[in-house]
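This is structure.cif (mmCIF, C-alpha atoms).
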data_model
loop_
_atom_site.group_PDB
_atom_site.id
_atom_site.type_symbol
_atom_site.label_atom_id
_atom_site.label_comp_id
_atom_site.auth_asym_id
_atom_site.auth_seq_id
_atom_site.Cartn_x
_atom_site.Cartn_y
_atom_site.Cartn_z
ATOM 1 C CA MET A 858 -112.574 -46.626 39.970
ATOM 2 C CA SER A 859 -110.467 -49.714 39.683
ATOM 3 C CA ILE A 860 -107.469 -50.437 41.842
ATOM 4 C CA GLY A 861 -105.599 -53.694 41.598
ATOM 5 C CA ASN A 862 -102.472 -55.241 43.085
ATOM 6 C CA GLU A 863 -99.029 -53.787 42.614
ATOM 7 C CA VAL A 864 -98.264 -54.057 38.922
ATOM 8 C CA GLY A 865 -95.574 -52.387 36.877
ATOM 9 C CA GLY A 866 -94.980 -48.782 37.966
ATOM 10 C CA GLU A 867 -98.194 -48.301 39.960
ATOM 11 C CA PRO A 868 -97.740 -47.038 43.528
ATOM 12 C CA PRO A 869 -97.858 -49.591 46.343
ATOM 13 C CA LEU A 870 -101.310 -50.499 47.619
ATOM 14 C CA GLU A 871 -100.419 -49.304 51.097
ATOM 15 C CA LYS A 872 -99.851 -45.796 49.716
ATOM 16 C CA ALA A 873 -103.117 -45.896 47.790
ATOM 17 C CA VAL A 874 -105.009 -46.948 50.927
ATOM 18 C CA GLU A 875 -103.401 -44.153 52.892
ATOM 19 C CA ASP A 876 -104.318 -41.584 50.251
ATOM 20 C CA LEU A 877 -107.888 -42.799 49.982
ATOM 21 C CA GLU A 878 -108.385 -42.890 53.724
ATOM 22 C CA HIS A 879 -107.055 -39.394 53.963
ATOM 23 C CA ALA A 880 -109.440 -38.266 51.250
ATOM 24 C CA LEU A 881 -112.373 -39.992 52.923
ATOM 25 C CA SER A 882 -111.717 -38.294 56.231
ATOM 26 C CA ASP A 883 -111.396 -34.837 54.753
ATOM 27 C CA GLU A 884 -114.870 -33.359 55.181
ATOM 28 C CA GLN A 885 -114.238 -30.381 52.939
ATOM 29 C CA LEU A 886 -113.103 -32.576 50.115
ATOM 30 C CA ALA A 887 -115.950 -35.037 50.698
ATOM 31 C CA ASP A 888 -118.471 -32.205 50.498
ATOM 32 C CA ALA A 889 -116.885 -30.909 47.339
ATOM 33 C CA LEU A 890 -116.873 -34.265 45.719
ATOM 34 C CA GLY A 891 -120.378 -35.013 46.822
ATOM 35 C CA THR A 892 -121.974 -38.218 47.874
ATOM 36 C CA LYS A 893 -121.201 -40.047 44.649
ATOM 37 C CA ALA A 894 -117.507 -39.374 44.812
ATOM 38 C CA LYS A 895 -117.417 -40.308 48.473
ATOM 39 C CA ARG A 896 -119.064 -43.614 47.642
ATOM 40 C CA GLU A 897 -116.502 -44.222 44.912
ATOM 41 C CA VAL A 898 -113.694 -43.721 47.382
ATOM 42 C CA ALA A 899 -115.339 -46.127 49.834
ATOM 43 C CA ASP A 900 -115.850 -48.658 47.055
ATOM 44 C CA ALA A 901 -112.211 -48.326 46.059
ATOM 45 C CA LEU A 902 -111.121 -48.950 49.625
ATOM 46 C CA HIS A 903 -113.313 -52.015 49.760
ATOM 47 C CA GLU A 904 -111.862 -53.193 46.475
ATOM 48 C CA ILE A 905 -108.355 -52.890 47.863
ATOM 49 C CA GLU A 906 -109.293 -54.791 50.996
ATOM 50 C CA GLU A 907 -110.763 -57.549 48.879
ATOM 51 C CA ALA A 908 -107.668 -57.628 46.680
ATOM 52 C CA GLU A 909 -105.552 -58.146 49.769
ATOM 53 C CA ARG A 910 -107.532 -61.107 51.017
ATOM 54 C CA VAL A 911 -106.842 -64.668 50.015
ATOM 55 C CA THR A 912 -108.529 -67.979 50.620
ATOM 56 C CA VAL A 913 -106.591 -70.100 53.097
ATOM 57 C CA HIS A 914 -107.054 -73.871 53.004
ATOM 58 C CA VAL A 915 -105.978 -75.859 56.045
ATOM 59 C CA ILE A 916 -106.078 -79.563 56.872
ATOM 60 C CA HIS A 917 -105.590 -81.246 60.230
ATOM 61 C CA VAL A 918 -103.777 -84.431 59.300
ATOM 62 C CA ASP A 919 -104.404 -86.370 62.496
ATOM 63 C CA GLU A 920 -108.033 -85.373 62.920
ATOM 64 C CA VAL A 921 -108.725 -85.768 59.181
ATOM 65 C CA GLU A 922 -110.543 -82.431 59.025
ATOM 66 C CA LYS A 923 -110.228 -79.474 56.682
ATOM 67 C CA ALA A 924 -111.451 -75.895 56.446
ATOM 68 C CA SER A 925 -111.162 -72.862 54.179
ATOM 69 C CA PHE A 926 -111.431 -69.226 55.138
ATOM 70 C CA GLN A 927 -110.627 -65.721 53.916
ATOM 71 C CA GLU A 928 -107.621 -63.986 55.406
ATOM 72 C CA SER A 929 -105.680 -60.768 54.885
ATOM 73 C CA ILE A 930 -102.285 -61.216 53.269
ATOM 74 C CA HIS A 931 -100.921 -59.001 56.061
ATOM 75 C CA LYS A 932 -101.685 -61.590 58.762
ATOM 76 C CA MET A 933 -98.715 -63.452 60.159
ATOM 77 C CA LEU A 934 -98.451 -67.213 59.740
ATOM 78 C CA ASP A 935 -98.771 -67.567 63.497
ATOM 79 C CA GLN A 936 -102.113 -65.759 63.356
ATOM 80 C CA VAL A 937 -103.259 -67.865 60.430
ATOM 81 C CA TRP A 938 -102.284 -70.986 62.366
ATOM 82 C CA ALA A 939 -104.253 -69.828 65.423
ATOM 83 C CA LYS A 940 -107.315 -68.981 63.344
ATOM 84 C CA SER A 941 -107.133 -72.387 61.680
ATOM 85 C CA TYR A 942 -108.070 -74.089 64.950
ATOM 86 C CA ASP A 943 -111.186 -71.919 65.252
ATOM 87 C CA GLU A 944 -112.187 -72.718 61.702
ATOM 88 C CA LEU A 945 -111.499 -76.424 62.181
ATOM 89 C CA HIS A 946 -113.192 -76.509 65.605
ATOM 90 C CA ILE A 947 -110.236 -78.447 66.949
ATOM 91 C CA ALA A 948 -108.248 -77.685 70.096
ATOM 92 C CA ARG A 949 -104.594 -76.807 69.738
ATOM 93 C CA GLU A 950 -102.112 -79.312 71.176
ATOM 94 C CA ALA A 951 -98.772 -78.291 72.617
ATOM 95 C CA ASP A 952 -96.752 -80.369 70.145
ATOM 96 C CA ASP A 953 -98.620 -79.434 66.995
ATOM 97 C CA ILE A 954 -96.650 -78.371 63.947
ATOM 98 C CA PHE A 955 -97.777 -75.884 61.292
ATOM 99 C CA GLN A 956 -96.576 -76.818 57.828
ATOM 100 C CA THR A 957 -97.357 -76.415 54.159
ATOM 101 C CA ASP A 958 -99.876 -78.796 52.646
ATOM 102 C CA SER A 959 -97.592 -79.665 49.781
ATOM 103 C CA LYS A 960 -95.613 -82.612 48.455
ATOM 104 C CA PRO A 961 -93.394 -82.773 50.394
ATOM 105 C CA PRO A 962 -94.728 -80.847 53.364
ATOM 106 C CA LYS A 963 -92.476 -78.152 54.795
ATOM 107 C CA SER A 964 -92.439 -77.067 58.424
ATOM 108 C CA LEU A 965 -93.292 -73.408 58.922
ATOM 109 C CA MET A 966 -92.287 -73.301 62.567
ATOM 110 C CA SER A 967 -89.277 -71.106 61.800
ATOM 111 C CA TYR A 968 -91.317 -68.650 59.762
ATOM 112 C CA LEU A 969 -94.305 -67.930 61.991
ATOM 113 C CA GLY A 970 -93.451 -64.211 62.186
ATOM 114 C CA LEU A 971 -93.793 -63.712 58.434
ATOM 115 C CA THR A 972 -97.026 -62.415 56.944
ATOM 116 C CA LEU A 973 -98.721 -64.425 54.232
ATOM 117 C CA LYS A 974 -97.507 -61.843 51.740
ATOM 118 C CA GLN A 975 -93.909 -61.981 52.953
ATOM 119 C CA ALA A 976 -93.918 -65.785 53.066
ATOM 120 C CA LYS A 977 -95.118 -65.900 49.469
ATOM 121 C CA GLU A 978 -92.648 -63.284 48.282
ATOM 122 C CA GLN A 979 -89.774 -65.057 50.030
ATOM 123 C CA ARG A 980 -90.909 -68.371 48.530
ATOM 124 C CA VAL A 981 -91.384 -69.918 51.959
ATOM 125 C CA ILE A 982 -94.838 -70.901 50.731
ATOM 126 C CA GLU A 983 -96.031 -71.503 47.196
ATOM 127 C CA ASP A 984 -99.737 -71.076 47.902
ATOM 128 C CA TYR A 985 -102.095 -70.701 50.825
ATOM 129 C CA ARG A 986 -102.550 -74.389 51.637
ATOM 130 C CA PHE A 987 -101.458 -75.434 55.107
ATOM 131 C CA GLY A 988 -101.433 -78.500 57.322
ATOM 132 C CA ILE A 989 -101.418 -79.110 61.052
ATOM 133 C CA VAL A 990 -99.833 -82.302 62.361
ATOM 134 C CA SER A 991 -98.857 -83.678 65.730
ATOM 135 C CA LYS A 992 -95.204 -84.192 66.385
ATOM 136 C CA THR A 993 -94.014 -87.797 66.427
ATOM 137 C CA GLY A 994 -91.388 -89.444 68.575
ATOM 138 C CA GLY A 995 -88.395 -91.157 67.042
ATOM 139 C CA ALA A 996 -84.647 -90.785 66.666
ATOM 140 C CA MET B 1044 -104.852 -99.069 71.842
ATOM 141 C CA ALA B 1045 -101.154 -98.556 71.198
ATOM 142 C CA GLN B 1046 -98.959 -98.410 74.262
ATOM 143 C CA ALA B 1047 -95.249 -97.873 74.638
ATOM 144 C CA GLY B 1048 -93.443 -101.005 75.812
ATOM 145 C CA THR B 1049 -96.162 -103.344 74.537
ATOM 146 C CA LEU B 1050 -95.938 -105.484 71.420
ATOM 147 C CA PRO B 1051 -98.568 -104.772 68.760
ATOM 148 C CA THR B 1052 -101.208 -107.443 68.230
ATOM 149 C CA LEU B 1053 -102.298 -108.338 64.711
ATOM 150 C CA ASP B 1054 -105.934 -108.349 63.644
ATOM 151 C CA LEU B 1055 -106.122 -108.707 59.878
ATOM 152 C CA GLN B 1056 -109.905 -108.361 59.583
ATOM 153 C CA ALA B 1057 -109.976 -105.203 61.671
ATOM 154 C CA GLY B 1058 -106.982 -103.857 59.778
ATOM 155 C CA ALA B 1059 -108.557 -104.319 56.354
ATOM 156 C CA ALA B 1060 -111.871 -102.878 57.544
ATOM 157 C CA ALA B 1061 -110.241 -99.818 59.085
ATOM 158 C CA PHE B 1062 -108.116 -99.317 55.982
ATOM 159 C CA ASP B 1063 -111.305 -99.502 53.849
ATOM 160 C CA ARG B 1064 -112.938 -96.954 56.126
ATOM 161 C CA ASP B 1065 -110.040 -94.525 56.179
ATOM 162 C CA ILE B 1066 -109.228 -94.426 52.456
ATOM 163 C CA PRO B 1067 -112.216 -92.240 51.521
ATOM 164 C CA ARG B 1068 -111.603 -90.017 54.559
ATOM 165 C CA VAL B 1069 -108.013 -89.406 53.510
ATOM 166 C CA LEU B 1070 -108.919 -88.909 49.848
ATOM 167 C CA ALA B 1071 -111.504 -86.307 50.860
ATOM 168 C CA LEU B 1072 -108.972 -84.598 53.087
ATOM 169 C CA VAL B 1073 -106.397 -84.211 50.339
ATOM 170 C CA GLY B 1074 -108.954 -83.534 47.627
ATOM 171 C CA ALA B 1075 -108.157 -86.592 45.513
ATOM 172 C CA THR B 1076 -110.625 -88.812 43.723
ATOM 173 C CA SER B 1077 -108.685 -92.061 43.979
ATOM 174 C CA LEU B 1078 -105.501 -93.677 45.269
ATOM 175 C CA VAL B 1079 -104.242 -93.788 41.690
ATOM 176 C CA ALA B 1080 -104.671 -90.027 41.383
ATOM 177 C CA LEU B 1081 -102.161 -89.692 44.220
ATOM 178 C CA GLY B 1082 -99.779 -92.181 42.640
ATOM 179 C CA TRP B 1083 -100.536 -94.698 45.394
ATOM 180 C CA SER B 1084 -101.542 -98.313 44.853
ATOM 181 C CA ARG B 1085 -103.181 -101.038 46.924
ATOM 182 C CA PRO B 1086 -101.907 -104.417 45.746
ATOM 183 C CA ASN B 1087 -103.980 -106.237 48.371
ATOM 184 C CA ARG B 1088 -106.431 -105.360 51.139
ATOM 185 C CA LEU B 1089 -103.680 -104.884 53.724
ATOM 186 C CA THR B 1090 -100.999 -103.079 51.730
ATOM 187 C CA LEU B 1091 -100.534 -99.557 50.415
ATOM 188 C CA LEU B 1092 -97.593 -98.531 48.233
ATOM 189 C CA VAL B 1093 -96.624 -94.860 48.344
ATOM 190 C CA PRO B 1094 -93.896 -93.395 46.093
ATOM 191 C CA MET B 1095 -91.720 -90.839 47.875
ATOM 192 C CA ARG B 1096 -89.094 -88.388 46.716
ATOM 193 C CA ALA B 1097 -86.118 -86.738 48.289
ATOM 194 C CA VAL B 1098 -83.592 -84.247 46.993
ATOM 195 C CA ASP B 1099 -79.936 -84.835 47.787
ATOM 196 C CA ALA B 1100 -77.249 -82.222 48.486
ATOM 197 C CA ARG B 1101 -76.479 -81.877 44.756
ATOM 198 C CA GLY B 1102 -80.107 -81.248 43.914
ATOM 199 C CA THR B 1103 -80.701 -84.684 42.422
ATOM 200 C CA VAL B 1104 -84.196 -86.067 42.921
ATOM 201 C CA GLU B 1105 -84.168 -89.586 44.384
ATOM 202 C CA GLU B 1106 -87.169 -91.907 44.195
ATOM 203 C CA PHE B 1107 -88.217 -94.362 46.914
ATOM 204 C CA LEU B 1108 -91.164 -96.645 47.527
ATOM 205 C CA LEU B 1109 -92.799 -96.904 50.946
ATOM 206 C CA ARG B 1110 -94.899 -99.970 51.749
ATOM 207 C CA LEU B 1111 -97.490 -99.666 54.500
ATOM 208 C CA GLY B 1112 -99.004 -102.781 56.096
ATOM 209 C CA PHE B 1113 -102.317 -102.695 57.935
ATOM 210 C CA GLU B 1114 -102.181 -105.973 59.873
ATOM 211 C CA ALA B 1115 -102.513 -104.294 63.283
ATOM 212 C CA TYR B 1116 -104.276 -101.112 62.198
ATOM 213 C CA PRO B 1117 -105.946 -98.983 63.524
ATOM 214 C CA ALA B 1118 -105.083 -99.856 67.124
ATOM 215 C CA TRP B 1119 -101.448 -99.640 66.048
ATOM 216 C CA PRO B 1120 -99.890 -97.604 63.267
ATOM 217 C CA PRO B 1121 -99.267 -99.230 59.899
ATOM 218 C CA SER B 1122 -96.078 -101.159 59.342
ATOM 219 C CA ALA B 1123 -93.787 -98.947 57.266
ATOM 220 C CA GLN B 1124 -90.888 -100.228 55.202
ATOM 221 C CA PHE B 1125 -89.008 -98.886 52.225
ATOM 222 C CA VAL B 1126 -88.951 -101.557 49.559
ATOM 223 C CA ASN B 1127 -87.292 -102.423 46.291
ATOM 224 C CA PRO B 1128 -89.552 -100.773 43.670
ATOM 225 C CA SER B 1129 -89.092 -103.725 41.317
ATOM 226 C CA THR B 1130 -90.004 -106.498 43.748
ATOM 227 C CA LYS B 1131 -92.119 -104.420 46.175
ATOM 228 C CA THR B 1132 -90.363 -106.308 48.970
ATOM 229 C CA PHE B 1133 -87.351 -105.726 51.150
ATOM 230 C CA MET B 1134 -84.528 -108.263 51.349
ATOM 231 C CA SER B 1135 -81.563 -107.497 53.556
ATOM 232 C CA PRO B 1136 -78.830 -106.658 52.827
ATOM 233 C CA GLN B 1137 -79.229 -106.361 49.044
ATOM 234 C CA ASP B 1138 -82.170 -103.928 49.203
ATOM 235 C CA ARG B 1139 -80.663 -101.552 51.725
ATOM 236 C CA CYS B 1140 -79.898 -99.084 48.952
ATOM 237 C CA PHE B 1141 -83.650 -98.535 48.659
ATOM 238 C CA ILE B 1142 -83.798 -97.052 52.153
ATOM 239 C CA PRO B 1143 -83.297 -93.298 52.495
ATOM 240 C CA LYS B 1144 -81.098 -92.094 55.338
ATOM 241 C CA LEU B 1145 -83.360 -89.898 57.430
ATOM 242 C CA THR B 1146 -81.932 -88.220 60.486
ATOM 243 C CA SER B 1147 -84.801 -86.175 61.866
ATOM 244 C CA GLN B 1148 -85.454 -86.282 65.604
ATOM 245 C CA GLU B 1149 -88.988 -87.348 64.762
ATOM 246 C CA CYS B 1150 -88.178 -89.902 62.113
ATOM 247 C CA HIS B 1151 -84.850 -91.665 61.801
ATOM 248 C CA THR B 1152 -84.147 -94.638 59.556
ATOM 249 C CA HIS B 1153 -81.968 -97.654 60.340
ATOM 250 C CA ALA B 1154 -81.001 -100.192 57.674
ATOM 251 C CA ALA B 1155 -80.435 -102.860 60.346
ATOM 252 C CA TYR B 1156 -81.671 -101.942 63.793
ATOM 253 C CA GLY B 1157 -79.874 -103.350 66.825
ATOM 254 C CA GLU B 1158 -79.859 -107.087 67.408
ATOM 255 C CA THR B 1159 -83.065 -107.547 65.429
ATOM 256 C CA GLY B 1160 -81.332 -106.386 62.249
ATOM 257 C CA ILE B 1161 -84.639 -105.189 60.815
ATOM 258 C CA GLN B 1162 -85.175 -102.085 58.742
ATOM 259 C CA LEU B 1163 -86.591 -99.534 61.152
ATOM 260 C CA ILE B 1164 -88.250 -96.226 60.369
ATOM 261 C CA CYS B 1165 -87.833 -94.982 63.875
ATOM 262 C CA CYS B 1166 -90.992 -92.918 64.282
ATOM 263 C CA SER B 1167 -93.925 -93.335 66.656
ATOM 264 C CA ALA B 1168 -96.229 -93.450 63.625
ATOM 265 C CA THR B 1169 -94.858 -96.816 62.426
ATOM 266 C CA ARG B 1170 -95.669 -100.286 63.838
ATOM 267 C CA GLU B 1171 -92.036 -101.432 63.866
ATOM 268 C CA PHE B 1172 -91.223 -98.665 66.326
ATOM 269 C CA TYR B 1173 -93.381 -100.468 68.905
ATOM 270 C CA GLU B 1174 -92.234 -103.941 67.824
ATOM 271 C CA VAL B 1175 -88.682 -103.112 68.868
ATOM 272 C CA LEU B 1176 -90.092 -101.771 72.161
ATOM 273 C CA HIS B 1177 -88.617 -98.366 71.511
ATOM 274 C CA SER B 1178 -89.020 -95.889 74.355
ATOM 275 C CA VAL B 1179 -91.315 -92.957 73.649
ATOM 276 C CA GLU B 1180 -93.020 -90.207 75.572
ATOM 277 C CA ALA B 1181 -96.720 -90.876 76.154
ATOM 278 C CA ARG B 1182 -97.756 -87.778 74.199
ATOM 279 C CA TYR B 1183 -96.208 -89.180 71.023
ATOM 280 C CA VAL B 1184 -97.830 -92.615 71.187
ATOM 281 C CA TRP B 1185 -100.130 -93.511 68.293
ATOM 282 C CA SER B 1186 -103.725 -92.701 69.153
ATOM 283 C CA ASP B 1187 -107.060 -93.829 67.784
ATOM 284 C CA ARG B 1188 -107.562 -90.446 66.099
ATOM 285 C CA ASN B 1189 -104.584 -91.082 63.794
ATOM 286 C CA THR B 1190 -104.905 -92.513 60.313
ATOM 287 C CA PHE B 1191 -102.296 -93.928 57.970
ATOM 288 C CA TYR B 1192 -102.006 -90.454 56.472
ATOM 289 C CA SER B 1193 -100.331 -89.319 59.711
ATOM 290 C CA THR B 1194 -97.635 -91.915 59.009
ATOM 291 C CA ILE B 1195 -97.175 -90.824 55.408
ATOM 292 C CA VAL B 1196 -96.937 -87.127 56.287
ATOM 293 C CA ALA B 1197 -94.443 -87.737 59.124
ATOM 294 C CA ILE B 1198 -92.145 -89.642 56.774
ATOM 295 C CA GLU B 1199 -92.629 -87.169 53.923
ATOM 296 C CA ARG B 1200 -91.604 -84.301 56.154
ATOM 297 C CA ALA B 1201 -88.467 -86.146 57.242
ATOM 298 C CA MET B 1202 -87.709 -86.868 53.571
ATOM 299 C CA ALA B 1203 -87.887 -83.139 52.885
ATOM 300 C CA GLU B 1204 -85.951 -81.964 55.916
ATOM 301 C CA SER B 1205 -83.358 -84.567 56.856
ATOM 302 C CA TYR B 1206 -82.517 -86.703 53.813
ATOM 303 C CA GLN B 1207 -78.851 -87.739 53.823
ATOM 304 C CA GLY B 1208 -78.644 -90.012 50.784
ATOM 305 C CA ARG B 1209 -79.143 -93.769 50.466
ATOM 306 C CA PHE B 1210 -77.890 -96.564 52.657
ATOM 307 C CA THR B 1211 -75.251 -98.839 51.232
ATOM 308 C CA ALA B 1212 -75.384 -102.637 51.273
ATOM 309 C CA ASP B 1213 -73.288 -102.739 54.445
ATOM 310 C CA GLY B 1214 -75.881 -100.592 56.201
ATOM 311 C CA ARG B 1215 -73.878 -97.373 56.275
#
Written as structure tokens, how would this file's structure read?
Amino acid sequence: MSIGNEVGGEPPLEKAVEDLEHALSDEQLADALGTKAKREVADALHEIEEAERVTVHVIHVDEVEKASFQESIHKMLDQVWAKSYDELHIAREADDIFQTDSKPPKSLMSYLGLTLKQAKEQRVIEDYRFGIVSKTGGA
Amino acid sequence: MAQAGTLPTLDLQAGAAAFDRDIPRVLALVGATSLVALGWSRPNRLTLLVPMRAVDARGTVEEFLLRLGFEAYPAWPPSAQFVNPSTKTFMSPQDRCFIPKLTSQECHTHAAYGETGIQLICCSATREFYEVLHSVEARYVWSDRNTFYSTIVAIERAMAESYQGRFTADGR
């Protein structure tokens, strides 16, 4: 069984997940389908989960450190930012800024409530490369 | 160590050595194999030239050239000046048109700052900011963990978010 991302007229992945989960939890149906079919459903669910995960790359500009990790496209930017510190093994500072790692960089501080998927769809981000920097003084 | 209200002290040997040390660190961070691959150039041991872009209100892409100087690095941030791309230097007032107007709270440019009249990229990640004894909160002072890439990124972000066109020869 092969299930990919939303393409053309296929139903949304969320609906497919819901249907498959429902099928998996239905004992009568699982019995009828047998172990093989049940495994296929589980594999399909796993395939969907994998399809909804992306590799996030993050750099800490001031500490000159970088890390990469897998993340669900349904995680909010704020959650991705928080996880980045764990992956980098660097403590968060009060004045840190989360931004794209692009040329030029773009602050994401006004978009932290968006999921990775939403941010991509709304063209807030072009890819999953991010940067953390400390604020500077000026003006 | 950098300190607000204190003039930076130059140490050319230390600056060149720290610049040598930090180049490979920064290249590894950004995944580049060389300065050239990033479009940057190092005309001498204490200077880095970094092309920068900004987009004006009409959508026109404007090109600028940032010159970083490492004479007091790493205790102090690099000197940062926008220069004439032809001469790689800055002469006032004729080269003021090569300075972008940046109006971010974190990074604000002046074509002729105060009585000194110098070009100032008013940002705690530039050496000139300390040379004019600009006030700054302690948390924003340059620290020994910073590299010149912190300076570049701070200015790049201001170029993206607060560009207001070029200065004119009269500094406006």
Axis-aligned box over every listed atom of range 1049-1065 of chain B, padded by 5 Å per side: centre and edges in Å to one decimal, as AutoDock Vina command-line options?
--center_x -104.4 --center_y -101.6 --center_z 64.2 --size_x 27.0 --size_y 24.2 --size_z 30.7
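You will find CA of Phe926 in chain A at 15.0 Å from CA of Ile947 in chain A.
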* To do: Counting all atoms listed in the file, select every polymer residue within 12 Å of (-81.9, -95.4, 45.2) as defined in the file's coordinates, and provide the selection as number ranges by chain.
  => B: 1095-1099, 1103-1108, 1125-1129, 1137-1144, 1207-1212
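The two atoms in question, CA of Arg980 in chain A and CA of Leu1072 in chain B, are spaced 24.7 Å apart.
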* Asked: Val874 in chain A: which residues within 9 Å, counting all atoms listed in the file, same-chain residues fewer than 2 positions away excluded, as a ChimeraX atom specification?
  -> /A:869-872,876-879,901-902,905-906
* Asked: In Å to one decimal, how far is CA of Thr892 in chain A from CA of Glu907 in chain A?
  -> 22.4 Å
* **Evaluate the PyMOL selection byres ((chain B) within 8 of (chain A)) and report residues as a PyMOL selection string** => chain B and resi 1068-1069+1072+1096+1146-1151+1165-1168+1179-1180+1183-1184+1188-1190+1192-1193+1196-1197+1199-1200+1202-1204
* Fewer than 3 positions away in the same chain doesn't count, so skip those; otherwise give me all residues within 7 Å of Gln927 in chain A, counting only C-alpha atoms, as an MDAnalysis selection string. => chainID A and resid 910:913
* Give me the result of the PyMOL selection byres ((chain B and resi 1047-1063) around 6) on this file, residue by residue, as JSON, numbers by chain. => {"B": [1046, 1064, 1065, 1066, 1088, 1089, 1113, 1114, 1115, 1116, 1174, 1176]}
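Distances here use all atoms listed in the file; by that measure, the residue among A:Glu897, A:Asp984, A:Asp953, A:Glu944 closest to Ile930 in chain A is A:Asp984.
Picked out by the PyMOL selection byres ((chain B and resi 1169) around 6) when it runs on this file: B:Pro1120, B:Pro1121, B:Ser1122, B:Ala1123, B:Cys1166, B:Ser1167, B:Ala1168, B:Arg1170, B:Glu1171, B:Phe1172.
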